[in-house]
>>> print(open('my_file-v1.txt').read())   # compact mmCIF, C-alpha atoms and all ligand atoms
# COMPACT_ATOMS: atom_id res chain seq x y z
CA MET A 1 99.64 99.59 72.96
CA ASN A 2 101.13 96.34 71.56
CA ILE A 3 101.37 93.70 74.28
CA ALA A 4 103.26 90.38 74.36
CA LEU A 5 101.92 87.80 76.81
CA SER A 6 104.72 85.70 78.27
CA GLY A 7 102.61 82.85 79.67
CA TYR A 8 99.12 82.29 78.32
CA GLY A 9 97.51 80.26 81.08
CA LYS A 10 94.65 81.23 83.41
CA MET A 11 96.09 84.72 84.00
CA GLY A 12 97.34 85.27 80.45
CA LYS A 13 93.82 84.67 79.12
CA GLU A 14 92.20 87.04 81.68
CA ILE A 15 94.81 89.70 80.81
CA GLU A 16 94.12 89.31 77.10
CA ALA A 17 90.38 89.90 77.66
CA ILE A 18 90.97 93.07 79.73
CA ALA A 19 93.69 94.37 77.37
CA LEU A 20 91.38 94.02 74.34
CA GLN A 21 88.55 95.78 76.23
CA ARG A 22 90.96 98.67 76.90
CA GLY A 23 91.82 98.98 73.19
CA HIS A 24 95.23 97.25 73.21
CA THR A 25 96.55 94.65 70.75
CA ILE A 26 98.10 91.29 71.65
CA VAL A 27 101.05 90.74 69.29
CA LEU A 28 102.59 87.61 70.82
CA LYS A 29 101.52 84.79 73.18
CA THR A 30 104.04 82.35 74.61
CA GLY A 31 103.63 79.04 76.42
CA ARG A 32 105.50 75.78 76.90
CA ALA A 33 105.16 74.86 73.22
CA ASN A 34 106.92 77.93 71.76
CA ALA A 35 108.89 79.43 74.70
CA ALA A 36 112.27 77.92 73.74
CA SER A 37 112.12 79.41 70.24
CA ILE A 38 111.09 82.92 71.39
CA THR A 39 113.99 85.39 71.19
CA ALA A 40 114.57 88.91 72.45
CA GLU A 41 113.93 89.99 68.85
CA ASP A 42 110.38 88.53 69.03
CA PHE A 43 109.66 90.56 72.19
CA ARG A 44 110.75 93.74 70.32
CA LYS A 45 107.45 93.60 68.39
CA ALA A 46 105.74 94.63 71.62
CA ASP A 47 105.67 97.93 73.53
CA VAL A 48 105.46 95.94 76.76
CA VAL A 49 105.61 92.30 77.88
CA ILE A 50 103.27 90.98 80.58
CA GLU A 51 104.87 87.94 82.25
CA PHE A 52 102.61 85.42 84.06
CA SER A 53 104.33 82.05 83.53
CA THR A 54 105.91 79.77 86.14
CA PRO A 55 108.49 80.15 88.94
CA ASP A 56 110.99 78.10 86.87
CA THR A 57 110.65 80.05 83.62
CA VAL A 58 110.12 83.64 84.70
CA THR A 59 113.75 84.78 85.13
CA ALA A 60 114.85 83.59 81.67
CA ASN A 61 111.85 85.40 80.18
CA ILE A 62 112.61 88.63 82.07
CA ARG A 63 116.22 88.48 80.81
CA LYS A 64 114.97 88.26 77.20
CA CYS A 65 112.82 91.36 77.80
CA LEU A 66 115.79 93.25 79.26
CA GLU A 67 117.93 92.22 76.30
CA ALA A 68 115.17 93.40 73.95
CA GLN A 69 114.93 96.73 75.88
CA VAL A 70 111.18 96.18 76.24
CA PRO A 71 109.51 97.03 79.59
CA VAL A 72 108.23 93.98 81.46
CA VAL A 73 105.39 93.63 83.96
CA VAL A 74 105.90 90.53 86.10
CA GLY A 75 103.09 88.84 88.00
CA THR A 76 104.63 85.38 88.30
CA THR A 77 105.35 84.46 91.91
CA GLY A 78 107.85 82.12 93.58
CA TRP A 79 111.08 83.53 92.04
CA TYR A 80 112.14 86.03 94.72
CA ASP A 81 115.46 84.29 95.47
CA THR A 82 116.73 85.69 92.17
CA PHE A 83 115.00 89.06 92.50
CA GLU A 84 118.09 91.03 93.66
CA THR A 85 120.18 89.72 90.74
CA ILE A 86 117.47 90.50 88.20
CA ALA A 87 116.90 93.97 89.68
CA GLU A 88 120.62 94.71 89.37
CA GLU A 89 120.65 93.51 85.73
CA CYS A 90 117.60 95.67 85.00
CA LEU A 91 119.31 98.79 86.35
CA GLN A 92 122.60 97.99 84.56
CA LYS A 93 120.75 97.58 81.24
CA ASP A 94 118.66 100.72 81.84
CA GLY A 95 115.54 98.56 81.59
CA ALA A 96 112.06 98.80 83.09
CA LEU A 97 110.58 96.18 85.41
CA PHE A 98 107.22 96.35 87.21
CA HIS A 99 106.70 93.54 89.70
CA ALA A 100 103.94 92.71 92.16
CA THR A 101 103.00 89.59 94.06
CA ASN A 102 99.43 90.80 93.68
CA PHE A 103 98.10 93.29 91.14
CA SER A 104 94.63 93.63 92.66
CA LEU A 105 93.71 97.10 93.92
CA GLY A 106 91.72 95.48 96.75
CA VAL A 107 94.70 93.42 97.92
CA ASN A 108 96.94 96.46 97.83
CA LEU A 109 94.44 98.37 100.01
CA PHE A 110 94.31 95.29 102.26
CA MET A 111 98.12 95.43 102.54
CA LYS A 112 97.87 98.99 103.85
CA VAL A 113 95.31 97.84 106.46
CA ASN A 114 97.58 94.90 107.37
CA SER A 115 100.56 97.20 107.95
CA TYR A 116 98.51 99.62 110.04
CA LEU A 117 96.95 96.84 112.15
CA ALA A 118 100.38 95.26 112.78
CA GLU A 119 101.74 98.64 113.86
CA LEU A 120 98.84 99.00 116.34
CA MET A 121 99.19 95.42 117.66
CA ASN A 122 102.93 95.61 118.33
CA LYS A 123 102.49 96.76 121.92
CA TYR A 124 99.69 94.28 122.74
CA ASP A 125 101.70 91.14 123.34
CA SER A 126 98.75 89.19 124.78
CA TYR A 127 97.79 88.63 121.12
CA ASP A 128 99.49 86.07 118.92
CA VAL A 129 99.21 86.44 115.16
CA GLU A 130 98.83 83.82 112.41
CA MET A 131 97.99 83.86 108.73
CA GLU A 132 95.96 81.61 106.46
CA GLU A 133 96.08 81.60 102.66
CA ILE A 134 93.83 79.52 100.43
CA HIS A 135 94.44 78.99 96.71
CA HIS A 136 93.43 76.61 93.93
CA ILE A 137 95.04 73.18 93.76
CA HIS A 138 97.07 74.00 90.59
CA LYS A 139 99.18 76.69 92.28
CA LEU A 140 102.90 75.78 92.10
CA ASP A 141 104.37 77.92 94.92
CA LYS A 142 103.71 77.75 98.67
CA PRO A 143 103.02 79.99 100.50
CA SER A 144 101.61 82.46 97.99
CA GLY A 145 103.67 85.51 97.00
CA THR A 146 100.93 87.67 98.51
CA ALA A 147 101.18 85.78 101.82
CA ILE A 148 104.95 86.40 101.86
CA THR A 149 104.43 90.13 101.27
CA LEU A 150 101.77 90.26 104.04
CA ALA A 151 104.05 88.26 106.38
CA ARG A 152 106.96 90.65 105.77
CA GLN A 153 104.71 93.57 106.69
CA VAL A 154 103.68 91.88 109.97
CA ILE A 155 107.29 91.00 110.85
CA GLU A 156 108.40 94.56 110.08
CA HIS A 157 105.98 95.95 112.70
CA ILE A 158 105.54 93.18 115.31
CA ASP A 159 108.81 93.03 117.27
CA ARG A 160 107.95 89.60 118.80
CA LYS A 161 107.85 87.98 115.33
CA LYS A 162 111.26 87.42 113.69
CA ASN A 163 110.41 85.24 110.67
CA TRP A 164 107.61 83.23 109.03
CA SER A 165 107.10 79.51 108.54
CA ILE A 166 104.63 77.16 106.91
CA SER A 167 105.74 74.23 109.08
CA ASP A 168 106.74 75.43 112.58
CA ARG A 169 104.67 77.09 115.27
CA HIS A 170 106.99 79.06 117.57
CA PRO A 171 106.37 82.29 119.56
CA GLU A 172 108.91 84.15 117.40
CA THR A 173 107.56 82.74 114.13
CA LEU A 174 104.58 83.96 112.14
CA PHE A 175 102.84 80.73 111.18
CA ILE A 176 101.28 80.65 107.69
CA LYS A 177 98.70 77.93 107.10
CA ASP A 178 98.71 77.28 103.32
CA LEU A 179 95.61 75.51 102.06
CA ARG A 180 94.97 74.34 98.50
CA GLU A 181 91.26 73.85 97.67
CA GLY A 182 89.37 73.46 94.39
CA GLU A 183 89.53 76.55 92.16
CA VAL A 184 89.83 79.24 94.88
CA PRO A 185 91.39 82.37 93.18
CA GLY A 186 93.00 83.64 96.41
CA THR A 187 92.00 84.25 100.06
CA HIS A 188 94.26 85.73 102.76
CA ILE A 189 93.36 85.99 106.45
CA ILE A 190 95.45 87.57 109.22
CA LYS A 191 94.25 86.68 112.68
CA TYR A 192 95.29 88.12 116.07
CA THR A 193 94.18 85.86 118.92
CA SER A 194 94.18 86.43 122.68
CA GLU A 195 92.51 84.61 125.56
CA ILE A 196 89.79 87.28 125.49
CA ASP A 197 89.03 87.84 121.81
CA ASP A 198 90.13 87.62 118.17
CA ILE A 199 90.74 90.35 115.60
CA GLU A 200 90.71 89.13 112.01
CA ILE A 201 91.12 90.78 108.61
CA MET A 202 90.41 88.98 105.34
CA HIS A 203 90.74 89.59 101.60
CA LYS A 204 88.88 87.19 99.32
CA ALA A 205 89.19 87.44 95.54
CA HIS A 206 85.98 86.37 93.75
CA ASN A 207 87.77 85.86 90.42
CA ARG A 208 91.01 86.77 88.57
CA LYS A 209 89.72 90.00 86.99
CA GLY A 210 91.26 92.26 89.64
CA PHE A 211 94.76 90.78 89.08
CA ALA A 212 94.41 91.07 85.29
CA LEU A 213 93.13 94.66 85.34
CA GLY A 214 95.97 95.70 87.67
CA ALA A 215 98.55 94.08 85.38
CA VAL A 216 97.21 95.90 82.28
CA ILE A 217 97.13 99.23 84.15
CA ALA A 218 100.73 98.55 85.27
CA ALA A 219 101.68 97.92 81.61
CA GLU A 220 100.10 101.26 80.60
CA TYR A 221 101.97 102.96 83.47
CA ILE A 222 105.45 101.55 82.73
CA ILE A 223 105.62 102.64 79.07
CA GLY A 224 108.34 105.29 78.65
CA LYS A 225 109.77 104.72 82.14
CA LYS A 226 113.11 103.23 83.26
CA GLY A 227 113.76 101.50 86.57
CA ILE A 228 111.95 99.21 88.98
CA PHE A 229 108.35 99.80 89.95
CA THR A 230 105.76 98.26 92.28
CA MET A 231 102.07 98.75 93.04
CA GLN A 232 103.12 101.34 95.63
CA ASP A 233 104.39 103.57 92.76
CA LEU A 234 101.22 103.02 90.74
CA MET A 235 98.86 103.69 93.62
CA THR A 236 100.59 106.92 94.62
CA SER A 237 100.98 108.23 91.04
N1 LIG B 1 100.74 88.88 90.77
C1 LIG B 1 99.45 88.55 90.70
O1 LIG B 1 98.52 89.38 90.89
C2 LIG B 1 99.08 87.12 90.39
C3 LIG B 1 97.74 86.72 90.30
C4 LIG B 1 97.47 85.40 89.93
C5 LIG B 1 98.51 84.52 89.64
N2 LIG B 1 99.80 84.96 89.76
C6 LIG B 1 100.94 84.11 89.41
O2 LIG B 1 101.07 84.12 87.99
C7 LIG B 1 101.65 82.88 87.55
C8 LIG B 1 100.76 82.26 86.46
O3 LIG B 1 99.52 81.93 87.03
P1 LIG B 1 98.39 81.19 86.17
O4 LIG B 1 97.28 80.97 87.13
O5 LIG B 1 98.14 81.90 84.89
O6 LIG B 1 99.12 79.79 85.87
P2 LIG B 1 98.86 78.77 84.66
O7 LIG B 1 97.40 78.78 84.30
O8 LIG B 1 99.48 77.49 85.08
O9 LIG B 1 99.68 79.39 83.43
C9 LIG B 1 101.07 79.36 83.35
C10 LIG B 1 101.42 79.51 81.90
O10 LIG B 1 102.84 79.60 81.75
C11 LIG B 1 103.14 78.95 80.54
N3 LIG B 1 104.56 78.60 80.43
C12 LIG B 1 105.22 77.46 80.77
N4 LIG B 1 106.53 77.57 80.48
C13 LIG B 1 106.70 78.80 79.92
C14 LIG B 1 107.81 79.52 79.42
N5 LIG B 1 109.04 78.99 79.41
N6 LIG B 1 107.62 80.76 78.95
C15 LIG B 1 106.39 81.32 78.93
N7 LIG B 1 105.29 80.69 79.39
C16 LIG B 1 105.44 79.46 79.89
C17 LIG B 1 102.25 77.72 80.53
O11 LIG B 1 102.18 77.25 79.20
P3 LIG B 1 101.32 75.96 78.80
O12 LIG B 1 99.92 76.48 78.71
O13 LIG B 1 101.88 75.59 77.49
O14 LIG B 1 101.52 74.96 79.90
C18 LIG B 1 100.95 78.34 81.03
O15 LIG B 1 100.20 78.86 79.96
C19 LIG B 1 101.84 82.04 88.81
O16 LIG B 1 103.15 82.20 89.29
C20 LIG B 1 100.84 82.65 89.79
O17 LIG B 1 101.21 82.46 91.14
C21 LIG B 1 100.10 86.22 90.12
>>> encode(input="my_file-v1.txt", output="structure tokens")
Amino acid sequence: MNIALSGYGKMGKEIEAIALQRGHTIVLKTGRANAASITAEDFRKADVVIEFSTPDTVTANIRKCLEAQVPVVVGTTGWYDTFETIAEECLQKDGALFHATNFSLGVNLFMKVNSYLAELMNKYDSYDVEMEEIHHIHKLDKPSGTAITLARQVIEHIDRKKNWSISDRHPETLFIKDLREGEVPGTHIIKYTSEIDDIEIMHKAHNRKGFALGAVIAAEYIIGKKGIFTMQDLMTS
């Protein structure tokens, strides 16, 4: 498979290593220096584009992929305000878009545990629930995309929580403490606390390999498909 890497930073480099190990070829790498000159035509050299750039650049890059009619796997976070518009454009252009706030198999299993625990805890209102996410100091978005996905799952199941916040503690708000420390690849903790005890679940990434492997497997999966896909589709396929 010929892969274009849109964004060749920490994740782009991990993805390259895994893609080469799996027998794929990298035909294009883009970054700040060459992004403006890259056209849809350039992306056509690839069977699939893997997009891990920045919240400010991701949507323009996805649009080039849609124009080129090349499937795109998007791992960049912090662009969800434009997601509905992009999804509509993808369907109109008969394109293929795979998106995930977290490509790690472990995190996606953790998300299933999070949903199940929230469902169980809904009727036990003596417990309050909070979240903590810890990432490296270079991360541009706050809270993490993974934390937002986890928060949405909690809010979907816990009737007493209506929204999430990184600044306000309120009984109806799921508080997310967002910490930025050193080179931490990604830690997420969901904690239910009562006067009597605590129940806590945690996912801690040791490195970026899990995200990179998931993104390459998603790229292999999306070839030949049309539409919008998530890790849910991949994990149930
Ligand atoms: N979904 C997941 O599983 C997952 C996992 C980890 C990270 N992420 C997300 O993935 C994104 C990238 O993370 P990272 O750690 O790799 O960040 P990073 O090391 O800062 O890399 C970002 C890269 O984007 C490049 N870039 C800047 N403008 C661009 C443009 N217009 N077009 C293409 N590339 C451009 C930068 O180029 P220069 O090198 O020239 O500056 C840099 O190489 C972030 O949003 C992060 O939150 C997602």
>>> closest_residue(input="my_file-v1.txt", among="A:Asp56, A:Asp168, A:Glu181, A:Glu88", to="ligand LIG 1 (chain B)", atoms="all atoms listed in the file")
A:Asp56
>>> axis_aligned_box(input="my_file-v1.txt", around="region 134-147 of chain A", padding_each_side="3 Å", output="AutoDock Vina command-line options")
--center_x 98.9 --center_y 80.4 --center_z 96.2 --size_x 16.9 --size_y 20.5 --size_z 17.2
>>> closest_atom_pairs(input="my_file-v1.txt", of="chain A", to="ligand LIG 1 (chain B)", cutoff="8 Å", atoms="only C-alpha atoms and all ligand atoms", output="JSON lines")
{"residue": "A:Ser6", "atom": "CA", "partner": "B:LIG1", "partner_atom": "C15", "distance": 4.7}
{"residue": "A:Gly7", "atom": "CA", "partner": "B:LIG1", "partner_atom": "N7", "distance": 3.5}
{"residue": "A:Tyr8", "atom": "CA", "partner": "B:LIG1", "partner_atom": "O15", "distance": 4.0}
{"residue": "A:Gly9", "atom": "CA", "partner": "B:LIG1", "partner_atom": "O15", "distance": 3.2}
{"residue": "A:Lys10", "atom": "CA", "partner": "B:LIG1", "partner_atom": "O7", "distance": 3.8}
{"residue": "A:Met11", "atom": "CA", "partner": "B:LIG1", "partner_atom": "O5", "distance": 3.6}
{"residue": "A:Gly12", "atom": "CA", "partner": "B:LIG1", "partner_atom": "O5", "distance": 5.6}
{"residue": "A:Lys13", "atom": "CA", "partner": "B:LIG1", "partner_atom": "O5", "distance": 7.7}
{"residue": "A:Thr30", "atom": "CA", "partner": "B:LIG1", "partner_atom": "C15", "distance": 5.0}
{"residue": "A:Gly31", "atom": "CA", "partner": "B:LIG1", "partner_atom": "O11", "distance": 3.6}
{"residue": "A:Arg32", "atom": "CA", "partner": "B:LIG1", "partner_atom": "O13", "distance": 3.7}
{"residue": "A:Ala33", "atom": "CA", "partner": "B:LIG1", "partner_atom": "O13", "distance": 5.4}
{"residue": "A:Asn34", "atom": "CA", "partner": "B:LIG1", "partner_atom": "N6", "distance": 7.8}
{"residue": "A:Ala35", "atom": "CA", "partner": "B:LIG1", "partner_atom": "N6", "distance": 4.6}
{"residue": "A:Ala36", "atom": "CA", "partner": "B:LIG1", "partner_atom": "N5", "distance": 6.6}
{"residue": "A:Glu51", "atom": "CA", "partner": "B:LIG1", "partner_atom": "C15", "distance": 7.6}
{"residue": "A:Phe52", "atom": "CA", "partner": "B:LIG1", "partner_atom": "C8", "distance": 4.4}
{"residue": "A:Ser53", "atom": "CA", "partner": "B:LIG1", "partner_atom": "O10", "distance": 3.4}
{"residue": "A:Thr54", "atom": "CA", "partner": "B:LIG1", "partner_atom": "O16", "distance": 4.8}
{"residue": "A:Pro55", "atom": "CA", "partner": "B:LIG1", "partner_atom": "O16", "distance": 5.7}
{"residue": "A:Asp56", "atom": "CA", "partner": "B:LIG1", "partner_atom": "N5", "distance": 7.8}
{"residue": "A:Thr57", "atom": "CA", "partner": "B:LIG1", "partner_atom": "N5", "distance": 4.6}
{"residue": "A:Val58", "atom": "CA", "partner": "B:LIG1", "partner_atom": "N6", "distance": 6.9}
{"residue": "A:Ala60", "atom": "CA", "partner": "B:LIG1", "partner_atom": "N5", "distance": 7.7}
{"residue": "A:Asn61", "atom": "CA", "partner": "B:LIG1", "partner_atom": "N6", "distance": 6.4}
{"residue": "A:Val74", "atom": "CA", "partner": "B:LIG1", "partner_atom": "N1", "distance": 7.2}
{"residue": "A:Gly75", "atom": "CA", "partner": "B:LIG1", "partner_atom": "N1", "distance": 3.6}
{"residue": "A:Thr76", "atom": "CA", "partner": "B:LIG1", "partner_atom": "O16", "distance": 3.6}
{"residue": "A:Thr77", "atom": "CA", "partner": "B:LIG1", "partner_atom": "O16", "distance": 4.1}
{"residue": "A:Gly78", "atom": "CA", "partner": "B:LIG1", "partner_atom": "O16", "distance": 6.4}
{"residue": "A:His99", "atom": "CA", "partner": "B:LIG1", "partner_atom": "N1", "distance": 7.6}
{"residue": "A:Ala100", "atom": "CA", "partner": "B:LIG1", "partner_atom": "N1", "distance": 5.2}
{"residue": "A:Thr101", "atom": "CA", "partner": "B:LIG1", "partner_atom": "N1", "distance": 4.1}
{"residue": "A:Asn102", "atom": "CA", "partner": "B:LIG1", "partner_atom": "O1", "distance": 3.3}
{"residue": "A:Phe103", "atom": "CA", "partner": "B:LIG1", "partner_atom": "O1", "distance": 3.9}
{"residue": "A:Ser104", "atom": "CA", "partner": "B:LIG1", "partner_atom": "O1", "distance": 6.0}
{"residue": "A:His138", "atom": "CA", "partner": "B:LIG1", "partner_atom": "O8", "distance": 7.0}
{"residue": "A:Lys139", "atom": "CA", "partner": "B:LIG1", "partner_atom": "O17", "distance": 6.2}
{"residue": "A:Leu140", "atom": "CA", "partner": "B:LIG1", "partner_atom": "O17", "distance": 7.0}
{"residue": "A:Asp141", "atom": "CA", "partner": "B:LIG1", "partner_atom": "O17", "distance": 6.7}
{"residue": "A:Ser144", "atom": "CA", "partner": "B:LIG1", "partner_atom": "O17", "distance": 6.9}
{"residue": "A:Gly145", "atom": "CA", "partner": "B:LIG1", "partner_atom": "O17", "distance": 7.0}
{"residue": "A:Thr146", "atom": "CA", "partner": "B:LIG1", "partner_atom": "N1", "distance": 7.8}
{"residue": "A:Pro185", "atom": "CA", "partner": "B:LIG1", "partner_atom": "C4", "distance": 7.5}
{"residue": "A:Arg208", "atom": "CA", "partner": "B:LIG1", "partner_atom": "C4", "distance": 6.7}
{"residue": "A:Gly210", "atom": "CA", "partner": "B:LIG1", "partner_atom": "O1", "distance": 7.9}
{"residue": "A:Phe211", "atom": "CA", "partner": "B:LIG1", "partner_atom": "O1", "distance": 4.4}
{"residue": "A:Ala212", "atom": "CA", "partner": "B:LIG1", "partner_atom": "O1", "distance": 7.1}
{"residue": "A:Gly214", "atom": "CA", "partner": "B:LIG1", "partner_atom": "O1", "distance": 7.5}
{"residue": "A:Ala215", "atom": "CA", "partner": "B:LIG1", "partner_atom": "O1", "distance": 7.2}
>>> closest_residue(input="my_file-v1.txt", among="A:Ala205, A:Leu174, A:Leu5, A:Ala46", to="Gly106 (chain A)", atoms="only C-alpha atoms")
A:Ala205
>>> residues_around(input="my_file-v1.txt", residues="Leu179 (chain A)", least_positions_apart="6", cutoff="10 Å", atoms="all atoms listed in the file", output="ChimeraX atom specification")
/A:132-137,142-143,187
>>> residues_around(input="my_file-v1.txt", residues="region 116-119 of chain A", least_positions_apart="3", cutoff="10 Å", atoms="all atoms listed in the file", output="list of chain:residue names")
A:Phe110, A:Met111, A:Lys112, A:Val113, A:Asn122, A:Lys123, A:Val129, A:Gln153, A:Val154, A:Ile155, A:Glu156, A:His157, A:Ile158, A:Asp159, A:Ile190, A:Tyr192, A:Ile199, A:Glu200, A:Ile201
>>> residues_around(input="my_file-v1.txt", residues="Gly23 (chain A)", least_positions_apart="3", cutoff="10 Å", atoms="all atoms listed in the file", output="list in words")
Met1, Asn2, Ile18, Ala19 and Leu20 of chain A
>>> closest_residue(input="my_file-v1.txt", among="A:Ile176, A:Ala151, A:Ile38, A:Leu213", to="Cys65 (chain A)", atoms="only C-alpha atoms")
A:Ile38
>>> atom_distance(input="my_file-v1.txt", atom1="CA of Ile86 (chain A)", atom2="CA of Ala40 (chain A)")
16.1 Å
>>> closest_residue(input="my_file-v1.txt", among="A:Met235, A:Ala147, A:Ile228, A:Leu28", to="Lys93 (chain A)", atoms="only C-alpha atoms")
A:Ile228
>>> closest_residue(input="my_file-v1.txt", among="A:Asn108, A:Thr82, A:Gln69, A:Gln21", to="Leu234 (chain A)", atoms="all atoms listed in the file")
A:Asn108
>>> atom_distance(input="my_file-v1.txt", atom1="CA of Arg160 (chain A)", atom2="CA of Glu172 (chain A)")
5.7 Å
>>> atom_distance(input="my_file-v1.txt", atom1="CA of Phe175 (chain A)", atom2="CA of Tyr127 (chain A)")
13.7 Å
>>> residues_near_point(input="my_file-v1.txt", point="(87.1, 88.3, 101.3)", cutoff="9 Å", atoms="all atoms listed in the file", output="PyMOL selection string")
chain A and resi 186-189+201-206
>>> residues_around(input="my_file-v1.txt", residues="Glu89 (chain A)", least_positions_apart="5", cutoff="10 Å", atoms="all atoms listed in the file", output="VMD selection string")
chain A and resid 63 66 to 67 83 to 84 94 to 95
>>> residues_around(input="my_file-v1.txt", residues="Pro71 (chain A)", least_positions_apart="3", cutoff="9 Å", atoms="all atoms listed in the file", output="list in words")
Asp47, Val48, Val49, Ile50, Cys65, Leu66, Ala68, Gly95, Ala96, Leu97, Phe98, Ala219, Ile222, Ile223, Gly224, Lys225 and Lys226 of chain A
>>> write_last_selection(input="my_file-v1.txt", atoms="C-alpha atoms", output="short mmCIF file (atom, residue, chain, number, x, y, z; two decimals), in the frame of the given file")
data_model
loop_
_atom_site.label_atom_id
_atom_site.label_comp_id
_atom_site.auth_asym_id
_atom_site.auth_seq_id
_atom_site.Cartn_x
_atom_site.Cartn_y
_atom_site.Cartn_z
CA ASP A 47 105.67 97.93 73.53
CA VAL A 48 105.46 95.94 76.76
CA VAL A 49 105.61 92.30 77.88
CA ILE A 50 103.27 90.98 80.58
CA CYS A 65 112.82 91.36 77.80
CA LEU A 66 115.79 93.25 79.26
CA ALA A 68 115.17 93.40 73.95
CA GLY A 95 115.54 98.56 81.59
CA ALA A 96 112.06 98.80 83.09
CA LEU A 97 110.58 96.18 85.41
CA PHE A 98 107.22 96.35 87.21
CA ALA A 219 101.68 97.92 81.61
CA ILE A 222 105.45 101.55 82.73
CA ILE A 223 105.62 102.64 79.07
CA GLY A 224 108.34 105.29 78.65
CA LYS A 225 109.77 104.72 82.14
CA LYS A 226 113.11 103.23 83.26
#
>>> decode(input="my_file-v1.txt", residues="region 80-92 of chain A", atoms="N, CA and C atoms", output="tab-separated table (two decimals), in the first residue's frame")
chain	number	residue	atom	x	y	z
A	80	TYR	N	-13.17	19.18	16.16
A	80	TYR	CA	-14.50	18.57	16.07
A	80	TYR	C	-15.62	19.57	15.78
A	81	ASP	N	-15.35	20.88	15.97
A	81	ASP	CA	-16.37	21.88	15.64
A	81	ASP	C	-16.71	21.83	14.15
A	82	THR	N	-15.76	21.42	13.33
A	82	THR	CA	-16.01	21.38	11.89
A	82	THR	C	-16.34	19.95	11.41
A	83	PHE	N	-16.43	19.02	12.36
A	83	PHE	CA	-16.60	17.62	11.95
A	83	PHE	C	-17.85	17.40	11.10
A	84	GLU	N	-19.00	17.97	11.55
A	84	GLU	CA	-20.27	17.73	10.82
A	84	GLU	C	-20.17	18.20	9.38
A	85	THR	N	-19.57	19.38	9.17
A	85	THR	CA	-19.42	19.94	7.82
A	85	THR	C	-18.55	19.03	6.97
A	86	ILE	N	-17.43	18.60	7.54
A	86	ILE	CA	-16.50	17.74	6.79
A	86	ILE	C	-17.17	16.39	6.47
A	87	ALA	N	-17.91	15.86	7.44
A	87	ALA	CA	-18.57	14.56	7.23
A	87	ALA	C	-19.56	14.67	6.06
A	88	GLU	N	-20.30	15.79	6.04
A	88	GLU	CA	-21.27	16.02	4.96
A	88	GLU	C	-20.54	16.09	3.60
A	89	GLU	N	-19.44	16.84	3.57
A	89	GLU	CA	-18.66	16.97	2.32
A	89	GLU	C	-18.14	15.61	1.87
A	90	CYS	N	-17.72	14.80	2.83
A	90	CYS	CA	-17.19	13.47	2.51
A	90	CYS	C	-18.28	12.62	1.85
A	91	LEU	N	-19.48	12.66	2.42
A	91	LEU	CA	-20.57	11.85	1.85
A	91	LEU	C	-20.98	12.38	0.48
A	92	GLN	N	-21.05	13.72	0.35
A	92	GLN	CA	-21.41	14.32	-0.95
A	92	GLN	C	-20.42	13.92	-2.05
